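Quick notes on the structure that follows.
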Amino acid sequence: QVQLVESGGGLVQPGGSLRLSCAISGSGLDYFAIGWFRQAPGKEHEGVACISSRDSSTYYTDSVKGRFTISRDNAKNTVYLQMNTLEPEDTAVYYCALDLCDPRLHSFYSAYPGYYWGQGTRVTVSS
């Protein structure tokens, strides 16, 4: 069973930066991509960034291109999301998830009903 634990969220002023971490653990770690998603109050989950586990391909939703960078450290089984020039619209709970995106196809996928998102990490951008 695979476990994902997000961390690194917090309160930041507009224009500031944060780095989120997603620690992956468990047996049978075989996945083709890992993505960062976010859920703002009253909204559905939204795909933010995706990275392949096989190569260096990445994909971003338009609203974060040029501001966010996804990366992974295979030795630490950790995926990061560096978020720069944060805007109030980035306020949300951020989650990582396996195989809900494909950077080669430029796609994020909807989770099936009842999908367990984990505890996430809250990001608040406010002055």
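Convention: chains lettered A, B, ... in structure tokens order; per-chain residue numbering from 1; ligands numbered from 1 as shown.
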
Item to complete: Just the helix (DSSP H, G or I) stuff from chain A, please, per backbone DSSP, written as a ChimeraX atom specification.
Response: /A:62-64,74-76,88-90

Neighbouring residues of Gly15 of chain A were defined as those with any atom within 12 Å, considering only C-alpha atoms; residues of the same chain fewer than 5 positions away were excluded. Please report them as a PDB file with N, CA and C atoms, in the first residue's frame.
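So result-v2.pdb came out as:
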ATOM      1  N   ARG A  67       5.509  30.055 -12.980  1.00  0.00           N
ATOM      2  CA  ARG A  67       5.582  30.380 -11.539  1.00  0.00           C
ATOM      3  C   ARG A  67       5.874  29.157 -10.683  1.00  0.00           C
ATOM      4  N   MET A  83       6.754  26.939  -5.567  1.00  0.00           N
ATOM      5  CA  MET A  83       5.740  27.913  -5.967  1.00  0.00           C
ATOM      6  C   MET A  83       6.283  29.313  -5.731  1.00  0.00           C
ATOM      7  N   ASN A  84       6.443  30.058  -6.796  1.00  0.00           N
ATOM      8  CA  ASN A  84       6.939  31.428  -6.727  1.00  0.00           C
ATOM      9  C   ASN A  84       5.863  32.401  -7.194  1.00  0.00           C
ATOM     10  N   THR A  85       6.058  33.654  -6.869  1.00  0.00           N
ATOM     11  CA  THR A  85       5.126  34.713  -7.269  1.00  0.00           C
ATOM     12  C   THR A  85       3.692  34.301  -6.964  1.00  0.00           C
ATOM     13  N   LEU A  86       3.466  33.891  -5.749  1.00  0.00           N
ATOM     14  CA  LEU A  86       2.144  33.386  -5.373  1.00  0.00           C
ATOM     15  C   LEU A  86       1.105  34.495  -5.415  1.00  0.00           C
ATOM     16  N   GLU A  87      -0.103  34.099  -5.774  1.00  0.00           N
ATOM     17  CA  GLU A  87      -1.228  35.016  -5.900  1.00  0.00           C
ATOM     18  C   GLU A  87      -2.350  34.552  -4.967  1.00  0.00           C
ATOM     19  N   PRO A  88      -3.226  35.453  -4.574  1.00  0.00           N
ATOM     20  CA  PRO A  88      -4.354  35.032  -3.711  1.00  0.00           C
ATOM     21  C   PRO A  88      -5.162  33.889  -4.320  1.00  0.00           C
ATOM     22  N   GLU A  89      -5.217  33.838  -5.646  1.00  0.00           N
ATOM     23  CA  GLU A  89      -5.963  32.769  -6.324  1.00  0.00           C
ATOM     24  C   GLU A  89      -5.318  31.396  -6.142  1.00  0.00           C
ATOM     25  N   ASP A  90      -4.098  31.352  -5.652  1.00  0.00           N
ATOM     26  CA  ASP A  90      -3.427  30.072  -5.394  1.00  0.00           C
ATOM     27  C   ASP A  90      -3.821  29.484  -4.041  1.00  0.00           C
ATOM     28  N   VAL A 125      -2.560  32.515   0.593  1.00  0.00           N
ATOM     29  CA  VAL A 125      -1.847  33.671   0.065  1.00  0.00           C
ATOM     30  C   VAL A 125      -2.678  34.906   0.378  1.00  0.00           C
ATOM     31  N   SER A 126      -2.185  35.703   1.293  1.00  0.00           N
ATOM     32  CA  SER A 126      -2.956  36.858   1.742  1.00  0.00           C
ATOM     33  C   SER A 126      -2.029  37.892   2.358  1.00  0.00           C
ATOM     34  N   SER A 127      -2.406  39.148   2.207  1.00  0.00           N
ATOM     35  CA  SER A 127      -1.636  40.221   2.849  1.00  0.00           C
ATOM     36  C   SER A 127      -2.243  40.565   4.197  1.00  0.00           C
TER      37      SER A 127
END

Worksheet item: Quick one: residues within 10 Å of Arg54 of chain A, only C-alpha atoms counted, chain neighbours fewer than 2 positions away excluded, as a ChimeraX atom specification?
Response: /A:31-33,51-52,56-57

Output for the residues just chosen: all heavy atoms as a JSON list (two decimals), in the first residue's frame:
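Done, and the output landed in again_39.json:
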[["chain", "number", "residue", "atom", "x", "y", "z"],
["A", 31, "TYR", "N", 4.55, 3.53, -10.42],
["A", 31, "TYR", "CA", 3.60, 4.48, -10.97],
["A", 31, "TYR", "C", 4.26, 5.21, -12.13],
["A", 31, "TYR", "O", 5.48, 5.27, -12.22],
["A", 31, "TYR", "CB", 3.14, 5.49, -9.90],
["A", 31, "TYR", "CG", 4.27, 6.24, -9.24],
["A", 31, "TYR", "CD1", 4.68, 7.48, -9.72],
["A", 31, "TYR", "CD2", 4.92, 5.73, -8.13],
["A", 31, "TYR", "CE1", 5.71, 8.17, -9.13],
["A", 31, "TYR", "CE2", 5.97, 6.41, -7.53],
["A", 31, "TYR", "CZ", 6.34, 7.63, -8.03],
["A", 31, "TYR", "OH", 7.38, 8.32, -7.44],
["A", 32, "PHE", "N", 3.45, 5.73, -13.04],
["A", 32, "PHE", "CA", 4.03, 6.39, -14.22],
["A", 32, "PHE", "C", 4.09, 7.90, -14.09],
["A", 32, "PHE", "O", 4.84, 8.55, -14.81],
["A", 32, "PHE", "CB", 3.29, 5.99, -15.50],
["A", 32, "PHE", "CG", 1.86, 6.48, -15.57],
["A", 32, "PHE", "CD1", 1.55, 7.78, -15.97],
["A", 32, "PHE", "CD2", 0.81, 5.63, -15.27],
["A", 32, "PHE", "CE1", 0.25, 8.22, -16.04],
["A", 32, "PHE", "CE2", -0.50, 6.06, -15.34],
["A", 32, "PHE", "CZ", -0.79, 7.35, -15.72],
["A", 33, "ALA", "N", 3.32, 8.46, -13.16],
["A", 33, "ALA", "CA", 3.35, 9.91, -12.99],
["A", 33, "ALA", "C", 2.81, 10.28, -11.63],
["A", 33, "ALA", "O", 2.00, 9.55, -11.04],
["A", 33, "ALA", "CB", 2.55, 10.62, -14.08],
["A", 51, "ILE", "N", 4.49, 15.26, -13.12],
["A", 51, "ILE", "CA", 5.83, 14.86, -13.54],
["A", 51, "ILE", "C", 5.85, 13.35, -13.76],
["A", 51, "ILE", "O", 5.23, 12.59, -13.01],
["A", 51, "ILE", "CB", 6.89, 15.29, -12.51],
["A", 51, "ILE", "CG1", 8.30, 15.03, -13.04],
["A", 51, "ILE", "CG2", 6.69, 14.60, -11.16],
["A", 51, "ILE", "CD1", 9.39, 15.73, -12.22],
["A", 52, "SER", "N", 6.54, 12.95, -14.79],
["A", 52, "SER", "CA", 6.66, 11.53, -15.09],
["A", 52, "SER", "C", 7.64, 10.85, -14.14],
["A", 52, "SER", "O", 8.60, 11.47, -13.69],
["A", 52, "SER", "CB", 7.16, 11.36, -16.53],
["A", 52, "SER", "OG", 7.49, 10.03, -16.80],
["A", 56, "SER", "N", 11.91, 13.00, -17.74],
["A", 56, "SER", "CA", 11.88, 14.35, -17.17],
["A", 56, "SER", "C", 10.67, 15.17, -17.61],
["A", 56, "SER", "O", 10.61, 16.36, -17.36],
["A", 56, "SER", "CB", 13.16, 15.10, -17.56],
["A", 56, "SER", "OG", 13.25, 15.20, -18.96],
["A", 57, "SER", "N", 9.72, 14.55, -18.27],
["A", 57, "SER", "CA", 8.59, 15.31, -18.79],
["A", 57, "SER", "C", 7.71, 15.84, -17.66],
["A", 57, "SER", "O", 7.50, 15.17, -16.65],
["A", 57, "SER", "CB", 7.76, 14.47, -19.74],
["A", 57, "SER", "OG", 7.29, 13.30, -19.11]]

Worksheet entry | Who sits within 12 Å of Tyr115 of chain A, only C-alpha atoms, same chain under 6 positions skipped, as a PyMOL selection string | chain A and resi 45+97-98+100

Selection above as a file: all heavy atoms, as a PDB file, in the first residue's frame:
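That gives us selection_11.pdb:
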ATOM      1  N   HIS A  45     -11.413  19.623  -7.108  1.00  0.00           N
ATOM      2  CA  HIS A  45      -9.966  19.456  -7.218  1.00  0.00           C
ATOM      3  C   HIS A  45      -9.508  19.879  -8.616  1.00  0.00           C
ATOM      4  O   HIS A  45     -10.165  19.575  -9.615  1.00  0.00           O
ATOM      5  CB  HIS A  45      -9.571  18.003  -6.974  1.00  0.00           C
ATOM      6  CG  HIS A  45      -9.648  17.595  -5.543  1.00  0.00           C
ATOM      7  ND1 HIS A  45     -10.816  17.130  -4.958  1.00  0.00           N
ATOM      8  CD2 HIS A  45      -8.708  17.600  -4.566  1.00  0.00           C
ATOM      9  CE1 HIS A  45     -10.587  16.862  -3.686  1.00  0.00           C
ATOM     10  NE2 HIS A  45      -9.325  17.138  -3.415  1.00  0.00           N
ATOM     11  N   ALA A  97      -0.877  13.119  -5.825  1.00  0.00           N
ATOM     12  CA  ALA A  97      -1.604  11.901  -6.185  1.00  0.00           C
ATOM     13  C   ALA A  97      -0.856  11.169  -7.281  1.00  0.00           C
ATOM     14  O   ALA A  97      -0.224  11.790  -8.143  1.00  0.00           O
ATOM     15  CB  ALA A  97      -3.019  12.246  -6.648  1.00  0.00           C
ATOM     16  N   LEU A  98      -0.940   9.853  -7.249  1.00  0.00           N
ATOM     17  CA  LEU A  98      -0.280   9.023  -8.254  1.00  0.00           C
ATOM     18  C   LEU A  98      -1.223   8.735  -9.413  1.00  0.00           C
ATOM     19  O   LEU A  98      -2.412   8.481  -9.217  1.00  0.00           O
ATOM     20  CB  LEU A  98       0.171   7.694  -7.629  1.00  0.00           C
ATOM     21  CG  LEU A  98       1.112   7.766  -6.448  1.00  0.00           C
ATOM     22  CD1 LEU A  98       1.465   6.364  -5.980  1.00  0.00           C
ATOM     23  CD2 LEU A  98       2.371   8.538  -6.799  1.00  0.00           C
ATOM     24  N   LEU A 100      -2.829  10.223 -11.672  1.00  0.00           N
ATOM     25  CA  LEU A 100      -4.010  11.011 -12.039  1.00  0.00           C
ATOM     26  C   LEU A 100      -3.640  12.079 -13.057  1.00  0.00           C
ATOM     27  O   LEU A 100      -4.341  13.069 -13.215  1.00  0.00           O
ATOM     28  CB  LEU A 100      -4.653  11.654 -10.810  1.00  0.00           C
ATOM     29  CG  LEU A 100      -5.471  10.732  -9.900  1.00  0.00           C
ATOM     30  CD1 LEU A 100      -6.136  11.532  -8.790  1.00  0.00           C
ATOM     31  CD2 LEU A 100      -6.511   9.955 -10.694  1.00  0.00           C
TER      32      LEU A 100
END

Practice prompt. Identify, on the basis of only C-alpha atoms, every residue whose closest approach to Ser71 of chain A does not exceed 8 Å; exclude the query and any residue fewer than 3 positions from it along the same chain; express the result as a list of chain:residue names.
Written response: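 Selected residues are A:Ile51, A:Val79, A:Tyr80, A:Leu81.
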
Those residues with N, CA, C and O atoms, as a PDB file, in the first residue's frame please?
ATOM      1  N   ILE A  51       4.489  15.260 -13.122  1.00  0.00           N
ATOM      2  CA  ILE A  51       5.829  14.858 -13.543  1.00  0.00           C
ATOM      3  C   ILE A  51       5.849  13.352 -13.761  1.00  0.00           C
ATOM      4  O   ILE A  51       5.227  12.588 -13.012  1.00  0.00           O
ATOM      5  N   VAL A  79       8.522  14.202  -4.037  1.00  0.00           N
ATOM      6  CA  VAL A  79       8.229  15.116  -5.140  1.00  0.00           C
ATOM      7  C   VAL A  79       7.978  16.499  -4.548  1.00  0.00           C
ATOM      8  O   VAL A  79       7.332  16.623  -3.499  1.00  0.00           O
ATOM      9  N   TYR A  80       8.483  17.503  -5.216  1.00  0.00           N
ATOM     10  CA  TYR A  80       8.398  18.873  -4.718  1.00  0.00           C
ATOM     11  C   TYR A  80       7.576  19.734  -5.661  1.00  0.00           C
ATOM     12  O   TYR A  80       7.474  19.458  -6.860  1.00  0.00           O
ATOM     13  N   LEU A  81       7.008  20.785  -5.097  1.00  0.00           N
ATOM     14  CA  LEU A  81       6.368  21.816  -5.905  1.00  0.00           C
ATOM     15  C   LEU A  81       6.883  23.162  -5.407  1.00  0.00           C
ATOM     16  O   LEU A  81       6.520  23.608  -4.316  1.00  0.00           O
TER      17      LEU A  81
END
